[in-house]
$ cat entry-v4.cif   # mmCIF, C-alpha atoms and all ligand atoms
data_query
loop_
_atom_site.group_PDB
_atom_site.id
_atom_site.type_symbol
_atom_site.label_atom_id
_atom_site.label_comp_id
_atom_site.auth_asym_id
_atom_site.auth_seq_id
_atom_site.Cartn_x
_atom_site.Cartn_y
_atom_site.Cartn_z
ATOM 1 C CA MET W 10 92.526 127.546 8.316
ATOM 2 C CA ASN W 11 91.181 127.294 4.801
ATOM 3 C CA ARG W 12 91.712 130.442 2.770
ATOM 4 C CA ILE W 13 88.190 130.341 1.346
ATOM 5 C CA LEU W 14 86.722 130.198 4.831
ATOM 6 C CA ARG W 15 88.562 133.396 5.679
ATOM 7 C CA LEU W 16 86.833 135.162 2.814
ATOM 8 C CA VAL W 17 83.349 134.242 3.993
ATOM 9 C CA PRO W 18 82.843 137.148 6.434
ATOM 10 C CA ILE W 19 84.358 139.658 4.019
ATOM 11 C CA VAL W 20 82.109 138.570 1.167
ATOM 12 C CA GLY W 21 79.222 138.500 3.610
ATOM 13 C CA LEU W 22 79.834 142.086 4.683
ATOM 14 C CA ALA W 23 80.251 143.205 1.060
ATOM 15 C CA LEU W 24 76.895 141.640 0.220
ATOM 16 C CA LEU W 25 75.315 143.589 3.050
ATOM 17 C CA PHE W 26 76.008 146.964 1.493
ATOM 18 C CA PRO W 27 73.213 146.782 -1.093
ATOM 19 C CA VAL W 28 70.987 145.661 1.773
ATOM 20 C CA LEU W 29 72.055 148.709 3.784
ATOM 21 C CA ALA W 30 70.636 150.911 1.058
ATOM 22 C CA HIS W 31 67.204 149.485 1.870
ATOM 23 C CA ALA W 32 67.238 150.512 5.503
ATOM 24 C CA HIS W 33 64.355 149.114 7.487
ATOM 25 C CA PRO W 34 61.700 151.689 6.626
ATOM 26 C CA GLY W 35 60.400 152.341 10.099
ATOM 27 C CA HIS W 36 58.755 148.943 10.337
ATOM 28 C CA GLU W 37 55.798 149.830 8.170
ATOM 29 C CA GLY W 38 54.258 147.940 5.357
ATOM 30 C CA HIS W 39 57.326 145.978 4.349
ATOM 31 C CA ASP W 40 55.893 142.592 5.239
ATOM 32 C CA LEU W 41 53.800 141.110 2.503
ATOM 33 C CA THR W 42 52.014 138.475 4.528
ATOM 34 C CA TRP W 43 50.995 137.972 8.153
ATOM 35 C CA ASP W 44 51.841 134.299 8.194
ATOM 36 C CA PHE W 45 54.814 132.062 8.994
ATOM 37 C CA ASP W 46 56.559 132.926 5.718
ATOM 38 C CA GLY W 47 56.144 136.656 6.289
ATOM 39 C CA GLY W 48 57.554 136.362 9.813
ATOM 40 C CA PHE W 49 60.403 134.163 8.631
ATOM 41 C CA ALA W 50 61.316 136.593 5.846
ATOM 42 C CA HIS W 51 61.321 139.678 8.072
ATOM 43 C CA PRO W 52 64.628 139.219 9.961
ATOM 44 C CA LEU W 53 66.223 138.057 6.707
ATOM 45 C CA THR W 54 65.154 141.186 4.824
ATOM 46 C CA GLY W 55 65.468 143.774 7.612
ATOM 47 C CA TRP W 56 69.205 144.323 7.964
ATOM 48 C CA ASP W 57 68.890 145.690 11.496
ATOM 49 C CA HIS W 58 67.604 142.338 12.733
ATOM 50 C CA LEU W 59 69.837 140.355 10.389
ATOM 51 C CA LEU W 60 73.009 141.955 11.748
ATOM 52 C CA THR W 61 71.924 141.761 15.393
ATOM 53 C CA MET W 62 70.989 138.102 15.232
ATOM 54 C CA ILE W 63 74.149 137.067 13.373
ATOM 55 C CA ALA W 64 76.173 139.200 15.817
ATOM 56 C CA VAL W 65 74.587 137.448 18.818
ATOM 57 C CA GLY W 66 75.731 134.074 17.422
ATOM 58 C CA LEU W 67 79.171 135.392 16.522
ATOM 59 C CA TRP W 68 79.736 136.864 19.978
ATOM 60 C CA ALA W 69 78.415 133.701 21.645
ATOM 61 C CA ALA W 70 80.960 131.664 19.661
ATOM 62 C CA GLN W 71 83.710 134.009 20.859
ATOM 63 C CA LEU W 72 82.569 133.666 24.476
ATOM 64 C CA GLY W 73 82.611 129.894 24.160
ATOM 65 C CA ALA W 74 81.618 127.263 26.730
ATOM 66 C CA ARG W 75 78.073 127.574 28.105
ATOM 67 C CA ALA W 76 77.601 131.035 26.603
ATOM 68 C CA ARG W 77 77.457 129.483 23.114
ATOM 69 C CA TRP W 78 74.026 128.103 23.944
ATOM 70 C CA LEU W 79 72.836 130.376 26.731
ATOM 71 C CA VAL W 80 73.374 133.686 24.917
ATOM 72 C CA PRO W 81 71.439 132.830 21.707
ATOM 73 C CA SER W 82 68.739 131.006 23.726
ATOM 74 C CA ALA W 83 68.317 134.073 25.930
ATOM 75 C CA PHE W 84 67.913 136.317 22.883
ATOM 76 C CA VAL W 85 65.301 134.110 21.207
ATOM 77 C CA SER W 86 63.237 133.510 24.331
ATOM 78 C CA VAL W 87 63.265 137.093 25.618
ATOM 79 C CA MET W 88 62.409 138.313 22.109
ATOM 80 C CA ALA W 89 59.400 135.988 21.963
ATOM 81 C CA LEU W 90 58.196 137.140 25.413
ATOM 82 C CA ALA W 91 58.727 140.779 24.454
ATOM 83 C CA ALA W 92 56.702 140.229 21.275
ATOM 84 C CA ILE W 93 53.790 138.953 23.385
ATOM 85 C CA PHE W 94 54.174 141.985 25.672
ATOM 86 C CA GLY W 95 54.256 144.314 22.646
ATOM 87 C CA HIS W 96 51.199 142.639 21.201
ATOM 88 C CA PHE W 97 49.138 143.509 24.272
ATOM 89 C CA PHE W 98 50.728 146.737 25.464
ATOM 90 C CA GLY W 99 52.190 148.311 22.326
ATOM 91 C CA THR W 100 55.671 149.645 21.706
ATOM 92 C CA ILE W 101 57.984 151.074 24.341
ATOM 93 C CA PRO W 102 59.768 154.397 23.796
ATOM 94 C CA GLY W 103 63.183 154.224 22.146
ATOM 95 C CA THR W 104 62.615 150.960 20.294
ATOM 96 C CA GLU W 105 64.467 152.071 17.159
ATOM 97 C CA GLN W 106 67.321 153.519 19.241
ATOM 98 C CA GLY W 107 67.466 150.286 21.243
ATOM 99 C CA ILE W 108 67.816 148.252 18.057
ATOM 100 C CA ALA W 109 70.589 150.575 16.797
ATOM 101 C CA ALA W 110 72.327 150.345 20.189
ATOM 102 C CA SER W 111 72.144 146.552 20.073
ATOM 103 C CA ILE W 112 73.973 146.466 16.723
ATOM 104 C CA LEU W 113 76.589 149.007 17.784
ATOM 105 C CA THR W 114 77.284 147.314 21.131
ATOM 106 C CA LEU W 115 77.453 143.776 19.752
ATOM 107 C CA GLY W 116 79.790 144.968 16.972
ATOM 108 C CA LEU W 117 82.112 146.546 19.534
ATOM 109 C CA LEU W 118 82.005 143.454 21.771
ATOM 110 C CA ILE W 119 82.950 141.260 18.794
ATOM 111 C CA ALA W 120 85.652 143.666 17.572
ATOM 112 C CA THR W 121 87.273 143.750 21.010
ATOM 113 C CA THR W 122 86.527 140.041 21.715
ATOM 114 C CA ALA W 123 85.116 141.280 25.013
ATOM 115 C CA ARG W 124 84.635 138.542 27.583
ATOM 116 C CA LEU W 125 81.845 139.277 30.026
ATOM 117 C CA PRO W 126 80.662 136.796 32.653
ATOM 118 C CA VAL W 127 77.972 134.465 31.274
ATOM 119 C CA ALA W 128 75.210 136.004 33.412
ATOM 120 C CA ALA W 129 76.102 139.521 32.256
ATOM 121 C CA SER W 130 76.248 138.396 28.612
ATOM 122 C CA VAL W 131 72.850 136.746 28.886
ATOM 123 C CA ALA W 132 71.372 139.836 30.569
ATOM 124 C CA LEU W 133 72.815 142.148 27.917
ATOM 125 C CA VAL W 134 71.451 140.243 24.903
ATOM 126 C CA GLY W 135 68.192 139.855 26.814
ATOM 127 C CA VAL W 136 67.841 143.642 26.986
ATOM 128 C CA PHE W 137 68.588 143.921 23.245
ATOM 129 C CA ALA W 138 66.029 141.208 22.497
ATOM 130 C CA ILE W 139 63.315 143.260 24.244
ATOM 131 C CA PHE W 140 63.584 145.978 21.582
ATOM 132 C CA HIS W 141 63.524 143.526 18.665
ATOM 133 C CA GLY W 142 60.548 141.675 20.142
ATOM 134 C CA VAL W 143 58.434 144.631 21.214
ATOM 135 C CA ALA W 144 58.871 146.333 17.839
ATOM 136 C CA HIS W 145 57.110 143.423 16.166
ATOM 137 C CA GLY W 146 54.692 142.237 18.779
ATOM 138 C CA ALA W 147 53.090 145.661 18.618
ATOM 139 C CA GLU W 148 52.451 145.423 14.893
ATOM 140 C CA MET W 149 51.446 141.769 14.786
ATOM 141 C CA SER W 150 47.943 141.399 13.514
ATOM 142 C CA THR W 151 45.322 140.367 16.021
ATOM 143 C CA THR W 152 44.196 137.484 13.803
ATOM 144 C CA ALA W 153 45.522 133.942 14.061
ATOM 145 C CA GLY W 154 48.098 134.981 11.462
ATOM 146 C CA GLY W 155 49.901 137.013 14.127
ATOM 147 C CA PHE W 156 50.995 133.887 15.946
ATOM 148 C CA SER W 157 52.248 132.194 12.770
ATOM 149 C CA TYR W 158 54.111 135.385 11.924
ATOM 150 C CA GLY W 159 55.765 135.349 15.357
ATOM 151 C CA ALA W 160 56.705 131.691 15.002
ATOM 152 C CA GLY W 161 58.313 132.420 11.627
ATOM 153 C CA PHE W 162 60.168 135.373 13.117
ATOM 154 C CA VAL W 163 61.516 133.221 15.967
ATOM 155 C CA ALA W 164 62.542 130.419 13.569
ATOM 156 C CA ALA W 165 64.482 132.839 11.338
ATOM 157 C CA THR W 166 66.119 134.358 14.434
ATOM 158 C CA ALA W 167 67.313 130.941 15.632
ATOM 159 C CA LEU W 168 68.609 130.214 12.137
ATOM 160 C CA LEU W 169 70.564 133.496 12.061
ATOM 161 C CA HIS W 170 72.043 132.757 15.502
ATOM 162 C CA GLY W 171 73.220 129.466 13.999
ATOM 163 C CA VAL W 172 74.796 131.318 11.056
ATOM 164 C CA GLY W 173 76.567 133.644 13.504
ATOM 165 C CA LEU W 174 77.819 130.715 15.620
ATOM 166 C CA GLY W 175 79.101 129.016 12.454
ATOM 167 C CA LEU W 176 80.882 132.201 11.407
ATOM 168 C CA GLY W 177 82.355 132.482 14.889
ATOM 169 C CA PHE W 178 83.740 128.949 14.754
ATOM 170 C CA ALA W 179 85.112 129.559 11.237
ATOM 171 C CA LEU W 180 86.871 132.647 12.566
ATOM 172 C CA LYS W 181 88.478 130.875 15.540
ATOM 173 C CA GLY W 182 92.144 131.802 15.390
ATOM 174 C CA GLN W 183 91.409 134.673 12.968
ATOM 175 C CA PRO W 184 91.223 137.610 15.384
ATOM 176 C CA THR W 185 91.929 140.202 12.691
ATOM 177 C CA ILE W 186 88.989 139.165 10.518
ATOM 178 C CA ALA W 187 86.741 138.905 13.561
ATOM 179 C CA ARG W 188 87.816 142.438 14.495
ATOM 180 C CA PHE W 189 86.920 143.716 11.020
ATOM 181 C CA ALA W 190 83.571 141.923 11.075
ATOM 182 C CA GLY W 191 82.807 143.432 14.498
ATOM 183 C CA GLY W 192 83.905 146.858 13.288
ATOM 184 C CA GLY W 193 81.628 146.565 10.247
ATOM 185 C CA ILE W 194 78.671 145.593 12.434
ATOM 186 C CA ALA W 195 79.375 148.495 14.818
ATOM 187 C CA ALA W 196 79.550 150.896 11.837
ATOM 188 C CA ALA W 197 76.146 149.662 10.662
ATOM 189 C CA GLY W 198 74.824 150.476 14.147
ATOM 190 C CA VAL W 199 76.103 154.032 13.789
ATOM 191 C CA VAL W 200 74.435 154.295 10.360
ATOM 192 C CA LEU W 201 71.149 153.165 11.915
ATOM 193 C CA PHE W 202 71.423 155.769 14.683
ATOM 194 C CA ALA W 203 71.846 158.424 12.021
ATOM 195 C CA ALA W 204 68.919 157.111 9.940
HETATM 196 ZN ZN ZN U 1 61.675 144.718 11.864
#
$ encode --input "entry-v4.cif" --output "structure tokens"
Amino acid sequence: MNRILRLVPIVGLALLFPVLAHAHPGHEGHDLTWDFDGGFAHPLTGWDHLLTMIAVGLWAAQLGARARWLVPSAFVSVMALAAIFGHFFGTIPGTEQGIAASILTLGLLIATTARLPVAASVALVGVFAIFHGVAHGAEMSTTAGGFSYGAGFVAATALLHGVGLGLGFALKGQPTIARFAGGGIAAAGVVLFAA
């Protein structure tokens, strides 16, 4: 394995620390526009989503086989459905805690290279996706811009799953680095719980 490739996750985690300082401020007023670009930017600028979506891809790569496609697809599609639900019915209690739990759990699963059955893995990320979707569906504007925003959000999520899958493949045969990456993600989940 190329030495430079090994550094990628470490540099990536180091770059996240300045981002951590700008913790997602309770999902209020941090999106500049209610259009595709605003939706696309949100998961890239909110580190809670960023970490979760990369972690989903990373874990899926570790699981291998069908899970590589089923796990990220489950997250994206359940998140989109949950956003529609949130749009009409509002938030559900414990959304912020659910998002923090998703980061913590995925980090631990990656750190321990936990292998769950495919159906259980899909169900687990599906539950996490509900929190990420509902949180945003509820705040989506009722204008046509809300749909574009959602489409941008979904596109960025799929992209981040791809980044996570790529990282996972790069880390094949590097269990120590994968363990550190998972540990870092889990630690971020703890930070979010405390926030
Ligand atoms: Zn958000």
$ atom_distance --input "entry-v4.cif" --atom1 "CA of Phe178 in chain W" --atom2 "CA of Gly159 in chain W"
28.7 Å
$ residues_around --input "entry-v4.cif" --residues "Ala147 in chain W" --least-positions-apart "2" --cutoff "7 Å" --atoms "all atoms listed in the file" --output "list in words"
Gly95, His96, Gly99, Thr100, Val143, Ala144, His145 and Met149 of chain W
$ atom_distance --input "entry-v4.cif" --atom1 "CA of His170 in chain W" --atom2 "CA of Ala110 in chain W"
18.2 Å
$ closest_residue --input "entry-v4.cif" --among "W:Thr61, W:Gly142, W:Gly173, W:Phe162" --to "Ala109 in chain W" --atoms "all atoms listed in the file"
W:Thr61
$ resolve_selection --input "entry-v4.cif" --expression "the PyMOL selection byres (((chain W and resi 57) around 9) and not hetatm)" --output "PyMOL selection string"
chain W and resi 29+32-33+52+54-56+58-62+108-109+112+197-198+201
$ closest_residue --input "entry-v4.cif" --among "W:Gly135, W:Gly177, W:Gly193, W:Gly155" --to "Thr122 in chain W" --atoms "only C-alpha atoms"
W:Gly177
$ atom_distance --input "entry-v4.cif" --atom1 "CA of Ala70 in chain W" --atom2 "CA of Leu117 in chain W"
14.9 Å
$ closest_residue --input "entry-v4.cif" --among "W:Ser130, W:Ala92, W:Leu174, W:Leu125" --to "ligand ZN 1 (chain U)" --atoms "only C-alpha atoms and all ligand atoms"
W:Ala92
$ residues_around --input "entry-v4.cif" --residues "Trp78 in chain W" --least-positions-apart "2" --cutoff "12 Å" --atoms "all atoms listed in the file" --output "list of chain:residue names"
W:Val65, W:Gly66, W:Leu67, W:Trp68, W:Ala69, W:Ala70, W:Gln71, W:Leu72, W:Gly73, W:Ala74, W:Arg75, W:Ala76, W:Val80, W:Pro81, W:Ser82, W:Ala83, W:Phe84, W:Val85, W:Val127, W:Ser130, W:Val131, W:Ala167, W:His170, W:Gly171, W:Leu174
$ closest_residue --input "entry-v4.cif" --among "W:Ile186, W:Val134, W:Val199, W:Val163" --to "Leu115 in chain W" --atoms "all atoms listed in the file"
W:Val134
$ axis_aligned_box --input "entry-v4.cif" --around "range 46-54 of chain W" --padding-each-side "4 Å" --output "lines of an AutoDock Vina configuration file"
center_x = 61.2
center_y = 137.1
center_z = 7.4
size_x = 18.1
size_y = 16.3
size_z = 13.1
$ residues_around --input "entry-v4.cif" --residues "Ala196 in chain W" --least-positions-apart "4" --cutoff "9 Å" --atoms "all atoms listed in the file" --output "PyMOL selection string"
chain W and resi 112-113+116+191-192+200-201
$ closest_residue --input "entry-v4.cif" --among "W:Gly175, W:Gly182, W:Gly48, W:Pro102" --to "Arg77 in chain W" --atoms "all atoms listed in the file"
W:Gly175
$ closest_residue --input "entry-v4.cif" --among "W:Phe189, W:Ile194, W:Ile63, W:Trp43" --to "Val172 in chain W" --atoms "only C-alpha atoms"
W:Ile63
$ decode --input "entry-v4.cif" --residues "range 77-104 of chain W" --atoms "N, CA and C atoms" --output "PDB file, in the first residue's frame"
ATOM      1  N   ARG W  77     -21.782  -3.019   0.436  1.00  0.00           N
ATOM      2  CA  ARG W  77     -21.130  -1.819  -0.116  1.00  0.00           C
ATOM      3  C   ARG W  77     -22.127  -0.914  -0.814  1.00  0.00           C
ATOM      4  N   TRP W  78     -23.121  -1.539  -1.452  1.00  0.00           N
ATOM      5  CA  TRP W  78     -24.114  -0.733  -2.186  1.00  0.00           C
ATOM      6  C   TRP W  78     -25.389  -0.563  -1.378  1.00  0.00           C
ATOM      7  N   LEU W  79     -25.784  -1.640  -0.677  1.00  0.00           N
ATOM      8  CA  LEU W  79     -27.060  -1.601   0.033  1.00  0.00           C
ATOM      9  C   LEU W  79     -27.042  -0.632   1.207  1.00  0.00           C
ATOM     10  N   VAL W  80     -25.942  -0.588   1.945  1.00  0.00           N
ATOM     11  CA  VAL W  80     -25.887   0.264   3.145  1.00  0.00           C
ATOM     12  C   VAL W  80     -25.949   1.758   2.781  1.00  0.00           C
ATOM     13  N   PRO W  81     -25.090   2.244   1.848  1.00  0.00           N
ATOM     14  CA  PRO W  81     -25.224   3.666   1.482  1.00  0.00           C
ATOM     15  C   PRO W  81     -26.562   3.976   0.806  1.00  0.00           C
ATOM     16  N   SER W  82     -27.067   3.051  -0.033  1.00  0.00           N
ATOM     17  CA  SER W  82     -28.352   3.298  -0.702  1.00  0.00           C
ATOM     18  C   SER W  82     -29.467   3.412   0.320  1.00  0.00           C
ATOM     19  N   ALA W  83     -29.415   2.562   1.359  1.00  0.00           N
ATOM     20  CA  ALA W  83     -30.436   2.609   2.401  1.00  0.00           C
ATOM     21  C   ALA W  83     -30.390   3.957   3.107  1.00  0.00           C
ATOM     22  N   PHE W  84     -29.183   4.444   3.408  1.00  0.00           N
ATOM     23  CA  PHE W  84     -29.073   5.721   4.117  1.00  0.00           C
ATOM     24  C   PHE W  84     -29.677   6.845   3.285  1.00  0.00           C
ATOM     25  N   VAL W  85     -29.266   6.939   2.022  1.00  0.00           N
ATOM     26  CA  VAL W  85     -29.743   8.030   1.164  1.00  0.00           C
ATOM     27  C   VAL W  85     -31.257   7.973   0.994  1.00  0.00           C
ATOM     28  N   SER W  86     -31.796   6.780   0.724  1.00  0.00           N
ATOM     29  CA  SER W  86     -33.232   6.734   0.439  1.00  0.00           C
ATOM     30  C   SER W  86     -34.074   6.947   1.686  1.00  0.00           C
ATOM     31  N   VAL W  87     -33.678   6.365   2.814  1.00  0.00           N
ATOM     32  CA  VAL W  87     -34.450   6.601   4.044  1.00  0.00           C
ATOM     33  C   VAL W  87     -34.356   8.065   4.440  1.00  0.00           C
ATOM     34  N   MET W  88     -33.173   8.671   4.266  1.00  0.00           N
ATOM     35  CA  MET W  88     -33.018  10.088   4.611  1.00  0.00           C
ATOM     36  C   MET W  88     -33.968  10.964   3.781  1.00  0.00           C
ATOM     37  N   ALA W  89     -34.066  10.659   2.490  1.00  0.00           N
ATOM     38  CA  ALA W  89     -34.949  11.437   1.621  1.00  0.00           C
ATOM     39  C   ALA W  89     -36.405  11.278   2.063  1.00  0.00           C
ATOM     40  N   LEU W  90     -36.816  10.040   2.372  1.00  0.00           N
ATOM     41  CA  LEU W  90     -38.194   9.801   2.832  1.00  0.00           C
ATOM     42  C   LEU W  90     -38.451  10.508   4.162  1.00  0.00           C
ATOM     43  N   ALA W  91     -37.455  10.455   5.051  1.00  0.00           N
ATOM     44  CA  ALA W  91     -37.608  11.096   6.357  1.00  0.00           C
ATOM     45  C   ALA W  91     -37.703  12.609   6.205  1.00  0.00           C
ATOM     46  N   ALA W  92     -37.010  13.157   5.211  1.00  0.00           N
ATOM     47  CA  ALA W  92     -37.070  14.603   4.971  1.00  0.00           C
ATOM     48  C   ALA W  92     -38.482  14.993   4.539  1.00  0.00           C
ATOM     49  N   ILE W  93     -39.104  14.152   3.707  1.00  0.00           N
ATOM     50  CA  ILE W  93     -40.483  14.425   3.273  1.00  0.00           C
ATOM     51  C   ILE W  93     -41.417  14.346   4.488  1.00  0.00           C
ATOM     52  N   PHE W  94     -41.211  13.326   5.317  1.00  0.00           N
ATOM     53  CA  PHE W  94     -41.999  13.182   6.549  1.00  0.00           C
ATOM     54  C   PHE W  94     -41.836  14.434   7.415  1.00  0.00           C
ATOM     55  N   GLY W  95     -40.579  14.850   7.624  1.00  0.00           N
ATOM     56  CA  GLY W  95     -40.289  16.007   8.467  1.00  0.00           C
ATOM     57  C   GLY W  95     -40.911  17.278   7.918  1.00  0.00           C
ATOM     58  N   HIS W  96     -40.942  17.353   6.598  1.00  0.00           N
ATOM     59  CA  HIS W  96     -41.508  18.535   5.944  1.00  0.00           C
ATOM     60  C   HIS W  96     -42.979  18.694   6.304  1.00  0.00           C
ATOM     61  N   PHE W  97     -43.698  17.572   6.350  1.00  0.00           N
ATOM     62  CA  PHE W  97     -45.134  17.632   6.629  1.00  0.00           C
ATOM     63  C   PHE W  97     -45.486  17.542   8.111  1.00  0.00           C
ATOM     64  N   PHE W  98     -44.672  16.807   8.866  1.00  0.00           N
ATOM     65  CA  PHE W  98     -45.058  16.551  10.262  1.00  0.00           C
ATOM     66  C   PHE W  98     -44.125  17.167  11.297  1.00  0.00           C
ATOM     67  N   GLY W  99     -43.051  17.812  10.841  1.00  0.00           N
ATOM     68  CA  GLY W  99     -42.133  18.453  11.776  1.00  0.00           C
ATOM     69  C   GLY W  99     -41.120  17.479  12.358  1.00  0.00           C
ATOM     70  N   THR W 100     -40.322  17.985  13.287  1.00  0.00           N
ATOM     71  CA  THR W 100     -39.240  17.167  13.838  1.00  0.00           C
ATOM     72  C   THR W 100     -39.800  16.113  14.788  1.00  0.00           C
ATOM     73  N   ILE W 101     -38.976  15.103  15.064  1.00  0.00           N
ATOM     74  CA  ILE W 101     -39.316  14.115  16.079  1.00  0.00           C
ATOM     75  C   ILE W 101     -38.411  14.387  17.278  1.00  0.00           C
ATOM     76  N   PRO W 102     -38.845  14.001  18.486  1.00  0.00           N
ATOM     77  CA  PRO W 102     -37.999  14.268  19.652  1.00  0.00           C
ATOM     78  C   PRO W 102     -36.664  13.528  19.533  1.00  0.00           C
ATOM     79  N   GLY W 103     -35.614  14.125  20.077  1.00  0.00           N
ATOM     80  CA  GLY W 103     -34.324  13.443  20.128  1.00  0.00           C
ATOM     81  C   GLY W 103     -33.556  13.442  18.827  1.00  0.00           C
ATOM     82  N   THR W 104     -33.889  14.380  17.925  1.00  0.00           N
ATOM     83  CA  THR W 104     -33.197  14.408  16.635  1.00  0.00           C
ATOM     84  C   THR W 104     -31.701  14.636  16.805  1.00  0.00           C
TER      85      THR W 104
END
